[in-house]
Amino acid sequence: MPQSRKIIIDTDPGQDDAVAILLALGSAELEVVGMTAVAGNVPLRLTEKNARKICELAGRPDIKVYAGAIRPLARELVTAEEVHGETGLNGPQLPEPTMKLQDQYAVDFIVETLMKEKSGTITLCALGPLTNIALALIREPKITPRIKEIVLMGGGFFEGGNVTPTAEFNIYVDPHAADVVFKSGIPIVMMPLDVTHKALTTAKRTQAFRNLGTRVGTATAEMLEFFERFDEEKYGTDGGPLHDPCVIAYLLKPELFRGRNCNVTVETASELTMGMTVIDWWGVTKRPNNAMVMRDIEHDAFFALLLERLGRL
């Protein structure tokens, strides 16, 4: 069997983050060397707890979870309880976690791990605002060439934004951190709203998780039913977009996605368009390409992968 790919999951759970984490933990091809929590969908005290709840749901209390940035680099924290509920994981009744939160600061863990592990072997999977990753890059620039790649959910272009007319939530929460990451020179794969809005949790797909007949399957269905109600009302669709699992699915089956290399620049000055990802899709500027921006997904195969892997837990 080929060697598993080492990843750090940086996350702000969030129901869709939870499904992404479950997908990773159900996939032997991936070795989760640690999970770092950041403030985003809900405050840090809830995101770090939610990360531990999901590890325990998956039967993986051995995963080390670290708490990171309590707020963005330069702005006040914006959260999304109206989408995710007051806990961030509304829907299922998940018990309080018994596994311990690690004492080490998440940013220090990221730096230490990247300096310790063989260069080019760690992939950073960013499911929330990019604060922890930007802080790590600022703290120790030597980690930059050691990162294999960053695969992130964030941004939008043809789809516009989901929290302002031009900005997607993860980038909007900490645009200055996103600016640091996109300017870093690290290989980046970007899952914007343009692709995640094509991965809809229809009623039939949600029922398929429930039909697994497992604790994980039932909890996933309950999370999706809570989470999707906001997007169904907003977009008038059958089901809501399942954003963050696209990051993990890409590592498992990159052939499910199609996109192109582009230059991506993050707006950090204008309040009107704060957090907008300006994607040079048509190559009209002379700015160098800095990200593989995905636009299309084979959604049936994506949900088949989710169902199969969550079925292993």
# chains A, B, ... in the order shown; residues from 1 in each chain; ligands from 1
>>> residues_around(residues="Ala134 in chain A", least_positions_apart="5", cutoff="8 Å", atoms="only C-alpha atoms", output="list of chain:residue names")
A:Ala177, A:Ala178, A:Val180, A:Val181
>>> write_last_selection(atoms="N, CA, C and O atoms", output="short mmCIF file (atom, residue, chain, number, x, y, z; two decimals), in the first residue's frame")
data_model
loop_
_atom_site.label_atom_id
_atom_site.label_comp_id
_atom_site.auth_asym_id
_atom_site.auth_seq_id
_atom_site.Cartn_x
_atom_site.Cartn_y
_atom_site.Cartn_z
N ALA A 177 -4.96 37.85 6.48
CA ALA A 177 -4.32 36.54 6.55
C ALA A 177 -4.32 35.87 5.17
O ALA A 177 -3.31 35.30 4.75
N ALA A 178 -5.45 35.96 4.47
CA ALA A 178 -5.52 35.38 3.13
C ALA A 178 -4.52 36.04 2.20
O ALA A 178 -3.87 35.37 1.38
N VAL A 180 -1.60 37.28 3.02
CA VAL A 180 -0.29 36.71 3.35
C VAL A 180 -0.12 35.36 2.67
O VAL A 180 0.92 35.06 2.07
N VAL A 181 -1.15 34.52 2.75
CA VAL A 181 -1.06 33.16 2.20
C VAL A 181 -0.94 33.19 0.68
O VAL A 181 -0.09 32.51 0.10
#
>>> residues_around(residues="range 5-10 of chain A", least_positions_apart="5", cutoff="7 Å", atoms="only C-alpha atoms", output="MDAnalysis selection string")
chainID A and resid 29:37 121:128
>>> write_last_selection(atoms="N, CA, C and O atoms", output="PDB file, in the first residue's frame")
ATOM      1  N   GLU A  29      -5.663   6.792   3.074  1.00  0.00           N
ATOM      2  CA  GLU A  29      -4.616   7.455   2.290  1.00  0.00           C
ATOM      3  C   GLU A  29      -4.078   8.697   2.982  1.00  0.00           C
ATOM      4  O   GLU A  29      -3.040   9.233   2.590  1.00  0.00           O
ATOM      5  N   LEU A  30      -4.815   9.180   3.997  1.00  0.00           N
ATOM      6  CA  LEU A  30      -4.438  10.422   4.674  1.00  0.00           C
ATOM      7  C   LEU A  30      -4.048  10.148   6.122  1.00  0.00           C
ATOM      8  O   LEU A  30      -4.732   9.412   6.826  1.00  0.00           O
ATOM      9  N   GLU A  31      -2.960  10.759   6.552  1.00  0.00           N
ATOM     10  CA  GLU A  31      -2.544  10.703   7.952  1.00  0.00           C
ATOM     11  C   GLU A  31      -2.703  12.105   8.547  1.00  0.00           C
ATOM     12  O   GLU A  31      -1.967  13.025   8.186  1.00  0.00           O
ATOM     13  N   VAL A  32      -3.676  12.252   9.438  1.00  0.00           N
ATOM     14  CA  VAL A  32      -3.899  13.553  10.082  1.00  0.00           C
ATOM     15  C   VAL A  32      -2.898  13.680  11.227  1.00  0.00           C
ATOM     16  O   VAL A  32      -3.074  13.083  12.287  1.00  0.00           O
ATOM     17  N   VAL A  33      -1.844  14.460  11.006  1.00  0.00           N
ATOM     18  CA  VAL A  33      -0.804  14.581  12.035  1.00  0.00           C
ATOM     19  C   VAL A  33      -1.215  15.543  13.148  1.00  0.00           C
ATOM     20  O   VAL A  33      -0.627  15.555  14.221  1.00  0.00           O
ATOM     21  N   GLY A  34      -2.258  16.322  12.898  1.00  0.00           N
ATOM     22  CA  GLY A  34      -2.791  17.216  13.913  1.00  0.00           C
ATOM     23  C   GLY A  34      -3.916  18.041  13.331  1.00  0.00           C
ATOM     24  O   GLY A  34      -4.067  18.151  12.106  1.00  0.00           O
ATOM     25  N   MET A  35      -4.720  18.608  14.224  1.00  0.00           N
ATOM     26  CA  MET A  35      -5.849  19.440  13.823  1.00  0.00           C
ATOM     27  C   MET A  35      -5.754  20.741  14.596  1.00  0.00           C
ATOM     28  O   MET A  35      -5.598  20.732  15.824  1.00  0.00           O
ATOM     29  N   THR A  36      -5.810  21.857  13.885  1.00  0.00           N
ATOM     30  CA  THR A  36      -5.683  23.159  14.519  1.00  0.00           C
ATOM     31  C   THR A  36      -6.987  23.924  14.356  1.00  0.00           C
ATOM     32  O   THR A  36      -7.550  23.982  13.262  1.00  0.00           O
ATOM     33  N   ALA A  37      -7.470  24.476  15.443  1.00  0.00           N
ATOM     34  CA  ALA A  37      -8.746  25.199  15.431  1.00  0.00           C
ATOM     35  C   ALA A  37      -8.487  26.701  15.356  1.00  0.00           C
ATOM     36  O   ALA A  37      -7.524  27.217  15.932  1.00  0.00           O
ATOM     37  N   THR A 121       6.545  17.226   2.700  1.00  0.00           N
ATOM     38  CA  THR A 121       5.696  16.064   3.013  1.00  0.00           C
ATOM     39  C   THR A 121       4.385  16.444   3.698  1.00  0.00           C
ATOM     40  O   THR A 121       3.509  15.600   3.842  1.00  0.00           O
ATOM     41  N   ILE A 122       4.243  17.701   4.139  1.00  0.00           N
ATOM     42  CA  ILE A 122       3.036  18.114   4.869  1.00  0.00           C
ATOM     43  C   ILE A 122       2.165  19.004   3.986  1.00  0.00           C
ATOM     44  O   ILE A 122       2.627  20.016   3.454  1.00  0.00           O
ATOM     45  N   THR A 123       0.901  18.621   3.854  1.00  0.00           N
ATOM     46  CA  THR A 123      -0.098  19.440   3.172  1.00  0.00           C
ATOM     47  C   THR A 123      -0.973  20.111   4.223  1.00  0.00           C
ATOM     48  O   THR A 123      -1.418  19.462   5.172  1.00  0.00           O
ATOM     49  N   LEU A 124      -1.212  21.398   4.069  1.00  0.00           N
ATOM     50  CA  LEU A 124      -2.109  22.124   4.964  1.00  0.00           C
ATOM     51  C   LEU A 124      -3.491  22.178   4.318  1.00  0.00           C
ATOM     52  O   LEU A 124      -3.640  22.646   3.185  1.00  0.00           O
ATOM     53  N   CYS A 125      -4.488  21.688   5.040  1.00  0.00           N
ATOM     54  CA  CYS A 125      -5.869  21.696   4.566  1.00  0.00           C
ATOM     55  C   CYS A 125      -6.621  22.768   5.341  1.00  0.00           C
ATOM     56  O   CYS A 125      -6.919  22.591   6.521  1.00  0.00           O
ATOM     57  N   ALA A 126      -6.905  23.880   4.685  1.00  0.00           N
ATOM     58  CA  ALA A 126      -7.503  25.042   5.351  1.00  0.00           C
ATOM     59  C   ALA A 126      -9.001  25.068   5.077  1.00  0.00           C
ATOM     60  O   ALA A 126      -9.428  25.290   3.944  1.00  0.00           O
ATOM     61  N   LEU A 127      -9.785  24.857   6.147  1.00  0.00           N
ATOM     62  CA  LEU A 127     -11.244  24.800   6.023  1.00  0.00           C
ATOM     63  C   LEU A 127     -11.920  26.055   6.561  1.00  0.00           C
ATOM     64  O   LEU A 127     -13.143  26.163   6.500  1.00  0.00           O
ATOM     65  N   GLY A 128     -11.160  26.981   7.135  1.00  0.00           N
ATOM     66  CA  GLY A 128     -11.725  28.180   7.734  1.00  0.00           C
ATOM     67  C   GLY A 128     -10.901  29.406   7.375  1.00  0.00           C
ATOM     68  O   GLY A 128     -10.114  29.381   6.415  1.00  0.00           O
TER      69      GLY A 128
END
>>> select_by_dssp(residues="range 11-231 of chain A", states="strand (DSSP E or B)", output="list in words")
Thr11, Leu30, Glu31, Val32, Val33, Gly34, Met35, Thr36, Ala37, Val65, Tyr66, Ala67, Ile122, Thr123, Leu124, Cys125, Ala126, Ile147, Lys148, Glu149, Ile150, Val151, Leu152, Met153, Ile188, Val189, Met190, Met191 and Leu200 of chain A
>>> closest_residue(among="A:Phe157, A:Phe302, A:Phe209, A:Tyr66", to="Pro245 in chain A", atoms="only C-alpha atoms")
A:Phe302
>>> residues_around(residues="Lys100 in chain A", least_positions_apart="4", cutoff="12 Å", atoms="only C-alpha atoms", output="number ranges by chain")
A: 48-49, 51-53, 55-56, 61-67, 96, 104
>>> closest_residue(among="A:Pro288, A:Pro129, A:Gly91, A:Gly14", to="Leu73 in chain A", atoms="only C-alpha atoms")
A:Pro129
>>> select_by_dssp(residues="range 17-147 of chain A", states="helix (DSSP H, G or I)", output="MDAnalysis selection string")
chainID A and resid 17:25 44:57 81:84 106:116 131:139 141:146
>>> residues_around(residues="Asn162 in chain A", least_positions_apart="3", cutoff="12 Å", atoms="only C-alpha atoms", output="compact mmCIF listing (two decimals) with C-alpha atoms, in the first residue's frame")
# COMPACT_ATOMS: atom_id res chain seq x y z
CA ALA A 80 -21.89 32.80 11.38
CA VAL A 83 -25.88 29.48 9.46
CA GLY A 154 -12.39 30.05 0.24
CA GLY A 155 -13.18 32.83 -2.15
CA GLY A 156 -15.39 33.13 -5.17
CA PHE A 157 -15.39 34.82 -8.53
CA PHE A 158 -18.17 34.03 -11.00
CA GLU A 159 -20.44 33.17 -8.04
CA PRO A 165 -21.85 40.72 -2.66
CA THR A 166 -18.15 40.13 -3.40
CA ALA A 167 -16.67 38.15 -0.49
CA GLU A 168 -16.86 34.53 0.65
CA PHE A 169 -17.00 34.01 4.42
CA ASN A 170 -13.59 32.39 5.13
CA ILE A 171 -11.68 35.08 3.23
CA TYR A 172 -13.88 37.90 4.51
CA VAL A 173 -13.29 36.97 8.16
CA PRO A 192 -14.08 28.72 -4.24
CA LEU A 193 -17.86 29.05 -4.17
CA ASP A 194 -17.75 28.52 -7.94
CA THR A 196 -18.68 24.24 -3.89
CA HIS A 197 -22.04 25.63 -5.05
CA PHE A 230 -30.17 28.42 5.57
CA ASP A 231 -28.84 27.94 2.03
CA LYS A 234 -31.15 31.85 0.50
CA TYR A 235 -30.53 30.22 -2.89
CA PRO A 241 -23.57 23.59 -0.88
CA HIS A 243 -18.06 23.49 0.89
CA GLY A 275 -12.18 40.07 1.27
CA MET A 276 -12.94 39.76 -2.44
>>> closest_residue(among="A:Thr164, A:Ser27, A:Thr285, A:Asn290", to="Ile150 in chain A", atoms="only C-alpha atoms")
A:Asn290
>>> closest_residue(among="A:Ala28, A:Leu57, A:Val264, A:Leu101", to="Lys286 in chain A", atoms="only C-alpha atoms")
A:Val264
